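Trainee: Contents of data.json (JSON, C-alpha atoms) are below:
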```json
[["chain", "number", "residue", "atom", "x", "y", "z"],
["A", 723, "MET", "CA", -30.35, -83.91, -45.81],
["A", 724, "VAL", "CA", -31.27, -83.41, -49.44],
["A", 725, "LYS", "CA", -28.77, -81.32, -51.43],
["A", 726, "ASN", "CA", -29.94, -78.89, -54.01],
["A", 727, "LYS", "CA", -28.67, -79.81, -57.45],
["A", 728, "TYR", "CA", -27.91, -76.13, -58.10],
["A", 729, "SER", "CA", -25.94, -75.61, -54.85],
["A", 730, "LYS", "CA", -22.57, -76.35, -56.48],
["A", 731, "ARG", "CA", -23.17, -73.91, -59.32],
["A", 732, "GLY", "CA", -24.66, -71.30, -56.99],
["A", 733, "SER", "CA", -21.58, -71.32, -54.75],
["A", 734, "SER", "CA", -19.12, -71.16, -57.65],
["A", 735, "PRO", "CA", -16.91, -68.05, -57.47],
["A", 736, "LEU", "CA", -17.22, -67.55, -61.23],
["A", 737, "PHE", "CA", -21.03, -67.70, -61.08],
["A", 738, "LEU", "CA", -21.15, -65.23, -58.19],
["A", 739, "THR", "CA", -18.75, -62.88, -59.96],
["A", 740, "VAL", "CA", -20.86, -62.88, -63.14],
["A", 741, "ALA", "CA", -24.02, -62.33, -61.07],
["A", 742, "TYR", "CA", -22.50, -59.39, -59.19],
["A", 743, "ILE", "CA", -21.16, -57.80, -62.36],
["A", 744, "THR", "CA", -24.54, -58.15, -64.04],
["A", 745, "CYS", "CA", -26.32, -56.56, -61.06],
["A", 746, "ILE", "CA", -23.83, -53.70, -60.96],
["A", 747, "ILE", "CA", -24.27, -53.02, -64.70],
["A", 748, "LEU", "CA", -28.07, -53.05, -64.37],
["A", 749, "ALA", "CA", -27.88, -50.74, -61.35],
["A", 750, "ILE", "CA", -25.68, -48.28, -63.27],
["A", 751, "ILE", "CA", -28.06, -48.33, -66.25],
["A", 752, "SER", "CA", -31.03, -47.70, -63.93],
["A", 753, "LEU", "CA", -29.37, -44.86, -62.03],
["A", 754, "PHE", "CA", -27.73, -43.16, -65.03],
["A", 755, "PRO", "CA", -30.83, -41.12, -66.07],
["A", 756, "PHE", "CA", -31.23, -39.81, -62.51],
["A", 757, "VAL", "CA", -27.55, -38.83, -62.37],
["A", 758, "ILE", "CA", -27.85, -36.94, -65.67],
["A", 759, "LEU", "CA", -31.02, -35.27, -64.41],
["A", 760, "ILE", "CA", -29.28, -34.05, -61.23],
["A", 761, "ILE", "CA", -26.14, -32.89, -63.09],
["A", 762, "ASN", "CA", -28.07, -31.02, -65.80],
["A", 763, "SER", "CA", -30.07, -29.20, -63.12],
["A", 764, "THR", "CA", -26.79, -27.53, -62.06],
["A", 765, "ARG", "CA", -25.80, -26.41, -65.58],
["A", 766, "THR", "CA", -26.72, -23.50, -67.81],
["A", 767, "SER", "CA", -29.04, -23.79, -70.79],
["A", 768, "VAL", "CA", -26.14, -23.33, -73.21],
["A", 769, "GLU", "CA", -24.13, -26.11, -71.55],
["A", 770, "VAL", "CA", -27.08, -28.48, -71.71],
["A", 771, "GLN", "CA", -27.67, -27.74, -75.39],
["A", 772, "GLN", "CA", -24.01, -28.17, -76.29],
["A", 773, "ASN", "CA", -23.51, -31.37, -74.31],
["A", 774, "PRO", "CA", -26.74, -32.93, -73.01],
["A", 775, "VAL", "CA", -24.93, -35.92, -71.43],
["A", 776, "SER", "CA", -22.19, -34.92, -69.03],
["A", 777, "LEU", "CA", -20.89, -36.28, -65.73],
["A", 778, "ILE", "CA", -19.35, -32.95, -64.68],
["A", 779, "PRO", "CA", -21.66, -30.84, -62.47],
["A", 780, "GLY", "CA", -22.14, -27.19, -63.31],
["A", 781, "THR", "CA", -22.18, -24.08, -61.14],
["A", 782, "ASN", "CA", -25.58, -22.69, -62.14],
["A", 783, "LEU", "CA", -27.76, -24.42, -59.52],
["A", 784, "PHE", "CA", -28.64, -21.31, -57.52],
["A", 785, "LYS", "CA", -29.37, -19.30, -60.68],
["A", 786, "ASN", "CA", -31.71, -22.05, -61.82],
["A", 787, "LEU", "CA", -33.41, -21.89, -58.42],
["A", 788, "GLU", "CA", -33.74, -18.11, -58.78],
["A", 789, "PHE", "CA", -35.23, -18.58, -62.25],
["A", 790, "LEU", "CA", -37.82, -21.03, -60.89],
["A", 791, "ASP", "CA", -38.57, -18.74, -57.97],
["A", 792, "GLY", "CA", -39.17, -15.86, -60.36],
["A", 793, "LYS", "CA", -41.68, -17.76, -62.50],
["A", 794, "ASN", "CA", -45.24, -16.69, -61.71],
["A", 795, "ASN", "CA", -46.70, -20.05, -62.72],
["A", 796, "PHE", "CA", -44.19, -22.15, -60.77],
["A", 797, "ASP", "CA", -44.74, -22.59, -57.04],
["A", 798, "PRO", "CA", -43.06, -25.83, -55.85],
["A", 799, "LEU", "CA", -44.75, -25.86, -52.44],
["A", 800, "LYS", "CA", -48.20, -25.42, -53.92],
["A", 801, "GLY", "CA", -47.47, -27.90, -56.71],
["A", 802, "PHE", "CA", -46.24, -30.51, -54.20],
["A", 803, "THR", "CA", -49.30, -29.98, -52.03],
["A", 804, "ASN", "CA", -51.75, -30.30, -54.91],
["A", 805, "SER", "CA", -50.01, -33.35, -56.34],
["A", 806, "LEU", "CA", -49.78, -35.04, -52.94],
["A", 807, "ILE", "CA", -53.49, -34.54, -52.27],
["A", 808, "ILE", "CA", -54.37, -36.17, -55.58],
["A", 809, "SER", "CA", -51.72, -38.90, -55.59],
["A", 810, "VAL", "CA", -52.08, -40.06, -51.98],
["A", 811, "SER", "CA", -55.89, -40.07, -52.10],
["A", 812, "SER", "CA", -56.07, -41.89, -55.44],
["A", 813, "THR", "CA", -53.42, -44.42, -54.34],
["A", 814, "ILE", "CA", -55.35, -45.28, -51.17],
["A", 815, "LEU", "CA", -58.59, -45.71, -53.11],
["A", 816, "THR", "CA", -56.89, -47.74, -55.83],
["A", 817, "ILE", "CA", -55.21, -50.18, -53.45],
["A", 818, "TYR", "CA", -58.13, -50.65, -51.07],
["A", 819, "PHE", "CA", -60.95, -51.11, -53.57],
["A", 820, "SER", "CA", -58.86, -53.10, -56.05],
["A", 821, "THR", "CA", -57.89, -55.52, -53.28],
["A", 822, "MET", "CA", -61.53, -55.74, -52.26],
["A", 823, "THR", "CA", -62.57, -56.50, -55.84],
["A", 824, "ALA", "CA", -59.88, -59.16, -56.15],
["A", 825, "PHE", "CA", -61.08, -60.66, -52.85],
["A", 826, "ALA", "CA", -64.60, -60.91, -54.25],
["A", 827, "LEU", "CA", -63.25, -62.66, -57.37],
["A", 828, "VAL", "CA", -61.20, -65.19, -55.38],
["A", 829, "ALA", "CA", -63.01, -65.86, -52.10],
["A", 830, "TYR", "CA", -66.61, -66.07, -53.34],
["A", 831, "ASP", "CA", -68.20, -68.41, -55.84],
["A", 832, "TRP", "CA", -70.95, -66.53, -57.66],
["A", 833, "ARG", "CA", -72.53, -67.00, -61.06],
["A", 834, "LEU", "CA", -71.13, -63.97, -62.90],
["A", 835, "ARG", "CA", -67.63, -64.16, -61.46],
["A", 836, "LYS", "CA", -65.89, -65.20, -64.69],
["A", 837, "PRO", "CA", -67.84, -62.81, -66.97],
["A", 838, "PHE", "CA", -67.10, -59.99, -64.51],
["A", 839, "PHE", "CA", -63.39, -60.75, -64.60],
["A", 840, "THR", "CA", -63.52, -60.92, -68.41],
["A", 841, "PHE", "CA", -65.18, -57.50, -68.44],
["A", 842, "ILE", "CA", -62.38, -56.10, -66.24],
["A", 843, "MET", "CA", -59.79, -57.47, -68.66],
["A", 844, "ALA", "CA", -61.66, -55.91, -71.58],
["A", 845, "VAL", "CA", -61.65, -52.50, -69.86],
["A", 846, "LEU", "CA", -57.93, -52.93, -69.28],
["A", 847, "MET", "CA", -57.30, -52.82, -73.03],
["A", 848, "ILE", "CA", -59.03, -49.44, -73.52],
["A", 849, "PRO", "CA", -56.55, -46.50, -73.42],
["A", 850, "ALA", "CA", -57.49, -43.60, -71.16],
["A", 851, "GLN", "CA", -56.99, -41.13, -74.02],
["A", 852, "VAL", "CA", -59.84, -42.75, -75.95],
["A", 853, "THR", "CA", -62.34, -41.93, -73.21],
["A", 854, "GLY", "CA", -60.86, -38.51, -72.40],
["A", 855, "ILE", "CA", -63.44, -36.41, -74.29],
["A", 856, "GLY", "CA", -66.41, -38.32, -72.94],
["A", 857, "PHE", "CA", -65.00, -38.23, -69.42],
["A", 858, "PHE", "CA", -64.50, -34.46, -69.63],
["A", 859, "GLN", "CA", -68.07, -33.95, -70.86],
["A", 860, "PHE", "CA", -69.40, -36.09, -68.02],
["A", 861, "MET", "CA", -67.35, -34.20, -65.39],
["A", 862, "TYR", "CA", -68.48, -30.87, -66.89],
["A", 863, "LYS", "CA", -72.14, -31.83, -66.70],
["A", 864, "ILE", "CA", -71.94, -32.82, -63.04],
["A", 865, "GLY", "CA", -69.82, -29.77, -62.16],
["A", 866, "LEU", "CA", -66.57, -31.49, -61.22],
["A", 867, "THR", "CA", -64.20, -29.61, -63.51],
["A", 868, "ASN", "CA", -61.54, -27.71, -61.54],
["A", 869, "ASN", "CA", -62.19, -30.20, -58.76],
["A", 870, "TYR", "CA", -59.72, -32.76, -57.45],
["A", 871, "LEU", "CA", -62.53, -35.30, -57.01],
["A", 872, "ALA", "CA", -62.57, -35.74, -60.80],
["A", 873, "LEU", "CA", -58.97, -36.99, -60.58],
["A", 874, "ILE", "CA", -59.33, -38.97, -57.34],
["A", 875, "LEU", "CA", -62.63, -40.87, -57.53],
["A", 876, "PRO", "CA", -61.94, -42.65, -60.87],
["A", 877, "ALA", "CA", -58.95, -44.31, -59.18],
["A", 878, "ILE", "CA", -61.42, -46.68, -57.53],
["A", 879, "ALA", "CA", -61.67, -48.52, -60.87],
["A", 880, "ALA", "CA", -58.14, -49.80, -61.61],
["A", 881, "PRO", "CA", -58.30, -52.96, -63.78],
["A", 882, "THR", "CA", -54.52, -53.47, -63.80],
["A", 883, "VAL", "CA", -54.32, -53.46, -60.01],
["A", 884, "VAL", "CA", -57.33, -55.79, -59.73],
["A", 885, "PHE", "CA", -55.67, -58.26, -62.07],
["A", 886, "PHE", "CA", -52.38, -58.16, -60.15],
["A", 887, "MET", "CA", -54.10, -58.53, -56.77],
["A", 888, "ARG", "CA", -56.17, -61.45, -58.00],
["A", 889, "GLN", "CA", -53.15, -63.29, -59.35],
["A", 890, "TYR", "CA", -51.26, -62.71, -56.09],
["A", 891, "MET", "CA", -54.23, -63.67, -53.93],
["A", 892, "ILE", "CA", -55.03, -67.01, -55.60],
["A", 893, "PRO", "CA", -51.98, -68.88, -54.17],
["A", 894, "ALA", "CA", -51.38, -66.64, -51.14],
["A", 895, "LEU", "CA", -54.83, -66.54, -49.53],
["A", 896, "PRO", "CA", -55.62, -69.61, -47.37],
["A", 897, "MET", "CA", -59.36, -70.28, -47.52],
["A", 898, "ASP", "CA", -59.29, -72.33, -44.30],
["A", 899, "ILE", "CA", -58.48, -69.20, -42.29],
["A", 900, "LEU", "CA", -61.43, -67.38, -43.85],
["A", 901, "HIS", "CA", -63.78, -70.27, -43.07],
["A", 902, "SER", "CA", -62.49, -70.40, -39.48],
["A", 903, "ALA", "CA", -63.07, -66.66, -39.09],
["A", 904, "ARG", "CA", -66.65, -67.01, -40.38],
["A", 905, "ILE", "CA", -67.30, -69.87, -37.94],
["A", 906, "ASP", "CA", -66.04, -67.64, -35.12],
["A", 907, "GLY", "CA", -68.60, -65.03, -36.13],
["A", 908, "ALA", "CA", -66.42, -62.51, -37.93],
["A", 909, "GLY", "CA", -68.15, -60.41, -40.56],
["A", 910, "GLU", "CA", -66.92, -60.14, -44.14],
["A", 911, "PHE", "CA", -65.59, -56.60, -43.74],
["A", 912, "ARG", "CA", -63.74, -57.59, -40.58],
["A", 913, "ILE", "CA", -62.25, -60.61, -42.35],
["A", 914, "PHE", "CA", -61.13, -58.43, -45.23],
["A", 915, "ASN", "CA", -59.70, -55.61, -43.12],
["A", 916, "GLN", "CA", -58.04, -57.65, -40.37],
["A", 917, "ILE", "CA", -57.04, -60.88, -42.16],
["A", 918, "VAL", "CA", -56.81, -60.34, -45.91],
["A", 919, "LEU", "CA", -55.19, -56.89, -46.01],
["A", 920, "PRO", "CA", -52.22, -57.84, -43.75],
["A", 921, "MET", "CA", -51.56, -60.88, -45.96],
["A", 922, "MET", "CA", -51.56, -58.67, -49.03],
["A", 923, "LYS", "CA", -48.99, -56.13, -47.78],
["A", 924, "PRO", "CA", -46.22, -57.04, -50.29],
["A", 925, "ALA", "CA", -48.61, -56.87, -53.25],
["A", 926, "MET", "CA", -50.21, -53.69, -51.93],
["A", 927, "ALA", "CA", -46.81, -52.04, -51.46],
["A", 928, "THR", "CA", -45.78, -52.94, -55.00],
["A", 929, "GLN", "CA", -48.96, -51.61, -56.55],
["A", 930, "ALA", "CA", -48.94, -48.55, -54.29],
["A", 931, "ILE", "CA", -45.64, -47.50, -55.85],
["A", 932, "PHE", "CA", -47.00, -47.90, -59.39],
["A", 933, "ALA", "CA", -50.31, -46.22, -58.53],
["A", 934, "PHE", "CA", -48.58, -43.28, -56.83],
["A", 935, "VAL", "CA", -46.11, -42.78, -59.70],
["A", 936, "THR", "CA", -48.90, -43.00, -62.28],
["A", 937, "SER", "CA", -51.04, -40.45, -60.45],
["A", 938, "TRP", "CA", -48.10, -38.15, -59.68],
["A", 939, "ASN", "CA", -46.88, -38.11, -63.29],
["A", 940, "ASN", "CA", -50.37, -37.80, -64.77],
["A", 941, "LEU", "CA", -50.46, -34.76, -67.05],
["A", 942, "PHE", "CA", -53.14, -35.57, -69.63],
["A", 943, "MET", "CA", -56.25, -35.57, -67.44],
["A", 944, "PRO", "CA", -55.23, -32.67, -65.15],
["A", 945, "MET", "CA", -54.51, -30.50, -68.20],
["A", 946, "ILE", "CA", -58.04, -31.23, -69.43],
["A", 947, "LEU", "CA", -59.92, -30.88, -66.15],
["A", 948, "ILE", "CA", -57.94, -28.20, -64.29],
["A", 949, "ASN", "CA", -57.67, -24.64, -65.60],
["A", 950, "ASP", "CA", -57.26, -22.82, -62.30],
["A", 951, "PRO", "CA", -53.54, -21.97, -61.81],
["A", 952, "GLU", "CA", -53.97, -22.28, -58.03],
["A", 953, "LYS", "CA", -54.80, -25.98, -58.49],
["A", 954, "ASN", "CA", -51.99, -26.89, -60.89],
["A", 955, "THR", "CA", -50.11, -30.07, -60.07],
["A", 956, "MET", "CA", -46.32, -30.34, -60.09],
["A", 957, "PRO", "CA", -46.11, -31.90, -63.61],
["A", 958, "MET", "CA", -48.40, -29.15, -64.93],
["A", 959, "MET", "CA", -46.10, -26.48, -63.50],
["A", 960, "VAL", "CA", -43.02, -28.15, -65.00],
["A", 961, "SER", "CA", -44.74, -28.32, -68.40],
["A", 962, "LEU", "CA", -45.11, -24.52, -68.27],
["A", 963, "LEU", "CA", -41.34, -23.98, -67.92],
["A", 964, "ARG", "CA", -40.73, -24.15, -71.66],
["A", 965, "GLY", "CA", -40.11, -20.41, -71.80],
["A", 966, "ASP", "CA", -40.89, -18.23, -74.81],
["A", 967, "ILE", "CA", -40.30, -18.92, -78.49],
["A", 968, "TYR", "CA", -36.78, -17.53, -78.31],
["A", 969, "LYS", "CA", -35.25, -19.16, -75.25],
["A", 970, "THR", "CA", -35.85, -22.06, -72.89],
["A", 971, "GLU", "CA", -33.87, -22.42, -69.66],
["A", 972, "PHE", "CA", -33.11, -26.13, -69.90],
["A", 973, "GLY", "CA", -31.15, -26.12, -66.64],
["A", 974, "ALA", "CA", -34.20, -24.81, -64.79],
["A", 975, "VAL", "CA", -36.41, -27.33, -66.57],
["A", 976, "TYR", "CA", -34.15, -30.17, -65.43],
["A", 977, "LEU", "CA", -34.22, -28.77, -61.90],
["A", 978, "GLY", "CA", -38.02, -28.71, -62.00],
["A", 979, "LEU", "CA", -38.05, -32.30, -63.21],
["A", 980, "PHE", "CA", -35.72, -33.28, -60.40],
["A", 981, "LEU", "CA", -38.06, -31.70, -57.84],
["A", 982, "THR", "CA", -40.90, -33.67, -59.41],
["A", 983, "VAL", "CA", -39.02, -36.96, -59.12],
["A", 984, "LEU", "CA", -38.09, -36.53, -55.43],
["A", 985, "PRO", "CA", -41.45, -37.64, -53.93],
["A", 986, "VAL", "CA", -41.49, -40.72, -56.16],
["A", 987, "LEU", "CA", -38.07, -41.75, -54.83],
["A", 988, "VAL", "CA", -39.20, -41.19, -51.25],
["A", 989, "VAL", "CA", -42.29, -43.38, -51.74],
["A", 990, "TYR", "CA", -40.19, -46.12, -53.30],
["A", 991, "PHE", "CA", -37.68, -46.19, -50.45],
["A", 992, "LEU", "CA", -40.48, -46.25, -47.88],
["A", 993, "LEU", "CA", -42.25, -49.20, -49.51],
["A", 994, "SER", "CA", -39.32, -51.15, -50.97],
["A", 995, "LYS", "CA", -38.78, -53.17, -47.77],
["A", 996, "HIS", "CA", -42.28, -54.63, -48.12],
["A", 997, "ILE", "CA", -41.54, -55.66, -51.72],
["A", 998, "ILE", "CA", -38.28, -57.34, -50.70],
["A", 999, "ALA", "CA", -40.08, -59.10, -47.85],
["A", 1000, "GLY", "CA", -42.71, -60.36, -50.28],
["A", 1001, "VAL", "CA", -40.11, -61.69, -52.70],
["A", 1002, "ALA", "CA", -38.26, -63.43, -49.85],
["A", 1003, "LEU", "CA", -41.52, -64.90, -48.54],
["A", 1004, "GLY", "CA", -42.43, -66.20, -51.98],
["A", 1005, "GLY", "CA", -39.05, -67.93, -52.30],
["A", 1006, "VAL", "CA", -39.47, -69.99, -49.10],
["A", 1007, "LYS", "CA", -40.84, -73.47, -49.57],
["A", 1008, "GLU", "CA", -42.33, -75.39, -46.69]]
```
Once more with this new file: its structure as structure tokens, please.

Mentor:
Amino acid sequence: MVKNKYSKRGSSPLFLTVAYITCIILAIISLFPFVILIINSTRTSVEVQQNPVSLIPGTNLFKNLEFLDGKNNFDPLKGFTNSLIISVSSTILTIYFSTMTAFALVAYDWRLRKPFFTFIMAVLMIPAQVTGIGFFQFMYKIGLTNNYLALILPAIAAPTVVFFMRQYMIPALPMDILHSARIDGAGEFRIFNQIVLPMMKPAMATQAIFAFVTSWNNLFMPMILINDPEKNTMPMMVSLLRGDIYKTEFGAVYLGLFLTVLPVLVVYFLLSKHIIAGVALGGVKE
């Protein structure tokens, strides 16, 4: 039996103590903004302005809920529904087609494969704000303003996700299995859907979280393309809670932000087990 040269250090009580303390500190730092967000959603606007960072909950939660309920431009149920339609649809398109593109870059040997990948990397460096005006003009000409398709269909082209999927697929995708499936008569779409996608679950879960959060928190493009209040997303509704020039109910704003964050937390907890499984699988050596 071969002993790991790091086994003695890894089992040291001092090493484990330092590791646990470090993890606890990082966990506290990560959770602290969410705790402040929840606490401030229970406080009055004056309390938030006087002491923005406090660990003592307030007693104004129900009044903040009443304030949100009385706002004509804030409908949480409608905002959740609109945001879910856009975020879930765009996430599915992003993950599926990005994985398919990465599969084409890894599994097939074609002449323009490297230039195509270089082009994807070049597109990755272009900020979305730079193309915002041209994109709006294009959507206006084809009649897709005030239409969710203008926010969903562009998710098919996701250079960041393609790059991540390609890097994950290069060491994780066994070509022998693909060749065996072709010999058995399986088509390329069947190979991709039934063999490649199950192997890519950890990577897909990781990118699904990022894609969902990006789409859910997207405010720039919806503000440009959507001007029908009935189609406002949750971030758009929260952005309209600023109040008038004399007063802003910061407690209600924090409560609106907390309602916006809830779906993101749910998606993370649903997909986190796949990420952990992928990390554990990557750490096992045959």

Trainee: Which distance in Å separates CA of Met959 in chain A and CA of Phe858 in chain A, to one decimal?

Mentor: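 Interatomic distance here is 21.0 Å.
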
Trainee: List the residues sitting within 9 Å of (-56.0, -25.6, -59.9) in the file's frame, using all atoms listed in the file, as a PDB file with C-alpha atoms, in the coordinates of the input.

Mentor:
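Contents of selection.pdb, freshly written:
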```
ATOM      1  CA  ASN A 804     -51.750 -30.300 -54.910  1.00  0.00           C
ATOM      2  CA  ASN A 868     -61.540 -27.710 -61.540  1.00  0.00           C
ATOM      3  CA  ASN A 869     -62.190 -30.200 -58.760  1.00  0.00           C
ATOM      4  CA  TYR A 870     -59.720 -32.760 -57.450  1.00  0.00           C
ATOM      5  CA  PRO A 944     -55.230 -32.670 -65.150  1.00  0.00           C
ATOM      6  CA  ILE A 948     -57.940 -28.200 -64.290  1.00  0.00           C
ATOM      7  CA  ASN A 949     -57.670 -24.640 -65.600  1.00  0.00           C
ATOM      8  CA  ASP A 950     -57.260 -22.820 -62.300  1.00  0.00           C
ATOM      9  CA  PRO A 951     -53.540 -21.970 -61.810  1.00  0.00           C
ATOM     10  CA  GLU A 952     -53.970 -22.280 -58.030  1.00  0.00           C
ATOM     11  CA  LYS A 953     -54.800 -25.980 -58.490  1.00  0.00           C
ATOM     12  CA  ASN A 954     -51.990 -26.890 -60.890  1.00  0.00           C
ATOM     13  CA  THR A 955     -50.110 -30.070 -60.070  1.00  0.00           C
TER      14      THR A 955
END
```

Trainee: Quick check, in Å to one decimal: how far apart do CA of Gln859 in chain A and CA of Phe934 in chain A lie?

Mentor: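 Separation between CA of Gln859 in chain A and CA of Phe934 in chain A: 25.8 Å.
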
Trainee: For Phe825 in chain A, please output as a list in words all residues within 9 Å (counting only C-alpha atoms; exclusion window: fewer than 6 positions along the same chain).

Mentor: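 Within the cut-off, the hits are Met887, Arg888, Met891, Phe914 and Val918 of chain A.
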
Trainee: Can you tell me which residues surround Ile760 in chain A at a distance of at most 8 Å, considering all atoms listed in the file, apart from same-chain residues fewer than 6 positions away, and format the answer as JSON, numbers by chain?

Mentor: {"A": [976, 977, 980]}

Trainee: Selection from above, C-alpha atoms, as a compact mmCIF listing (two decimals), in the frame of the given file, can you write it?

Mentor:
```
# COMPACT_ATOMS: atom_id res chain seq x y z
CA TYR A 976 -34.15 -30.17 -65.43
CA LEU A 977 -34.22 -28.77 -61.90
CA PHE A 980 -35.72 -33.28 -60.40
```

Trainee: Find the distance between CA of Leu979 in chain A and CA of Ile807 in chain A and write it in Å to one decimal.

Mentor: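 CA of Leu979 in chain A sits 19.1 Å away from CA of Ile807 in chain A.
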
Trainee: When you count all atoms listed in the file, which of these residues is closest to Ile758 in chain A: A:Tyr818, A:Trp832, A:Gly973, A:Tyr990?

Mentor: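 Selected residue with least distance to Ile758 in chain A: A:Gly973.
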
Trainee: Might you pull out every residue within 12 Å of range 748-754 of chain A, with only C-alpha atoms counted and same-chain residues fewer than 4 positions away left off, and present them as an NGL selection string?

Mentor: :A and (741-744 or 758-761 or 775-777 or 987)

Trainee: Return the single residue from A:Leu993, A:Ile905, A:Ile878, A:Ile864 that is closest to Thr823 in chain A, with distances computed using only C-alpha atoms.

Mentor: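 Checking each of A:Leu993, A:Ile905, A:Ile878, A:Ile864 against Thr823 in chain A, counting only C-alpha atoms, the winner is A:Ile878.
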
Trainee: Counting all atoms listed in the file, which of A:Thr982, A:Asn915, A:Gln929, A:Asn795 gets nearest to Phe886 in chain A?

Mentor: A:Gln929

Trainee: Hey, could you make a per-residue contact list for range 876-972 of chain A against range 783-789 of chain A with 12 Å as the cut-off, showing the nearest pair of atoms and its distance in Å to one decimal, counting all atoms listed in the file, sorted by chain and number, as a tab-separated table?

Mentor:
```
residue	atom	partner	partner_atom	distance
A:Leu963	CA	A:Phe789	CA	9.9
A:Gly965	CA	A:Phe789	CA	10.9
A:Thr970	CA	A:Phe789	CA	11.2
A:Glu971	CA	A:Asn786	CA	8.1
A:Phe972	CA	A:Asn786	CA	9.2
```

Trainee: Smallest atom-to-atom distance to Arg765 in chain A: which of A:Val884, A:Val988, A:Val975, A:Met843, using all atoms listed in the file?

Mentor: A:Val975

Trainee: Would you kindly place N, CA and C atoms on range 777-793 of chain A and return the model as a PDB file, keeping the file's coordinate frame?

Mentor:
```
ATOM      1  N   LEU A 777     -21.043 -35.826 -67.107  1.00  0.00           N
ATOM      2  CA  LEU A 777     -20.890 -36.280 -65.730  1.00  0.00           C
ATOM      3  C   LEU A 777     -20.207 -35.227 -64.860  1.00  0.00           C
ATOM      4  N   ILE A 778     -20.012 -34.035 -65.414  1.00  0.00           N
ATOM      5  CA  ILE A 778     -19.350 -32.950 -64.680  1.00  0.00           C
ATOM      6  C   ILE A 778     -20.420 -31.947 -64.232  1.00  0.00           C
ATOM      7  N   PRO A 779     -20.632 -31.790 -62.939  1.00  0.00           N
ATOM      8  CA  PRO A 779     -21.660 -30.840 -62.470  1.00  0.00           C
ATOM      9  C   PRO A 779     -21.307 -29.409 -62.837  1.00  0.00           C
ATOM     10  N   GLY A 780     -22.336 -28.592 -63.002  1.00  0.00           N
ATOM     11  CA  GLY A 780     -22.140 -27.190 -63.310  1.00  0.00           C
ATOM     12  C   GLY A 780     -22.179 -26.337 -62.055  1.00  0.00           C
ATOM     13  N   THR A 781     -22.190 -25.038 -62.266  1.00  0.00           N
ATOM     14  CA  THR A 781     -22.180 -24.080 -61.140  1.00  0.00           C
ATOM     15  C   THR A 781     -23.397 -23.149 -61.206  1.00  0.00           C
ATOM     16  N   ASN A 782     -24.444 -23.576 -61.909  1.00  0.00           N
ATOM     17  CA  ASN A 782     -25.580 -22.690 -62.140  1.00  0.00           C
ATOM     18  C   ASN A 782     -26.813 -23.088 -61.322  1.00  0.00           C
ATOM     19  N   LEU A 783     -26.625 -23.903 -60.278  1.00  0.00           N
ATOM     20  CA  LEU A 783     -27.760 -24.420 -59.520  1.00  0.00           C
ATOM     21  C   LEU A 783     -28.577 -23.292 -58.893  1.00  0.00           C
ATOM     22  N   PHE A 784     -27.920 -22.363 -58.223  1.00  0.00           N
ATOM     23  CA  PHE A 784     -28.640 -21.310 -57.520  1.00  0.00           C
ATOM     24  C   PHE A 784     -29.321 -20.350 -58.499  1.00  0.00           C
ATOM     25  N   LYS A 785     -28.708 -20.132 -59.667  1.00  0.00           N
ATOM     26  CA  LYS A 785     -29.370 -19.300 -60.680  1.00  0.00           C
ATOM     27  C   LYS A 785     -30.602 -19.988 -61.237  1.00  0.00           C
ATOM     28  N   ASN A 786     -30.522 -21.314 -61.384  1.00  0.00           N
ATOM     29  CA  ASN A 786     -31.710 -22.050 -61.820  1.00  0.00           C
ATOM     30  C   ASN A 786     -32.811 -21.983 -60.773  1.00  0.00           C
ATOM     31  N   LEU A 787     -32.425 -22.037 -59.491  1.00  0.00           N
ATOM     32  CA  LEU A 787     -33.410 -21.890 -58.420  1.00  0.00           C
ATOM     33  C   LEU A 787     -34.040 -20.499 -58.445  1.00  0.00           C
ATOM     34  N   GLU A 788     -33.211 -19.469 -58.693  1.00  0.00           N
ATOM     35  CA  GLU A 788     -33.740 -18.110 -58.780  1.00  0.00           C
ATOM     36  C   GLU A 788     -34.695 -17.970 -59.965  1.00  0.00           C
ATOM     37  N   PHE A 789     -34.353 -18.633 -61.078  1.00  0.00           N
ATOM     38  CA  PHE A 789     -35.230 -18.580 -62.250  1.00  0.00           C
ATOM     39  C   PHE A 789     -36.587 -19.208 -61.929  1.00  0.00           C
ATOM     40  N   LEU A 790     -36.559 -20.375 -61.257  1.00  0.00           N
ATOM     41  CA  LEU A 790     -37.820 -21.030 -60.890  1.00  0.00           C
ATOM     42  C   LEU A 790     -38.607 -20.186 -59.901  1.00  0.00           C
ATOM     43  N   ASP A 791     -37.893 -19.561 -58.964  1.00  0.00           N
ATOM     44  CA  ASP A 791     -38.570 -18.740 -57.970  1.00  0.00           C
ATOM     45  C   ASP A 791     -39.198 -17.500 -58.594  1.00  0.00           C
ATOM     46  N   GLY A 792     -38.633 -17.047 -59.709  1.00  0.00           N
ATOM     47  CA  GLY A 792     -39.170 -15.860 -60.360  1.00  0.00           C
ATOM     48  C   GLY A 792     -40.309 -16.146 -61.325  1.00  0.00           C
ATOM     49  N   LYS A 793     -40.577 -17.417 -61.594  1.00  0.00           N
ATOM     50  CA  LYS A 793     -41.680 -17.760 -62.500  1.00  0.00           C
ATOM     51  C   LYS A 793     -43.004 -17.640 -61.759  1.00  0.00           C
TER      52      LYS A 793
END
```
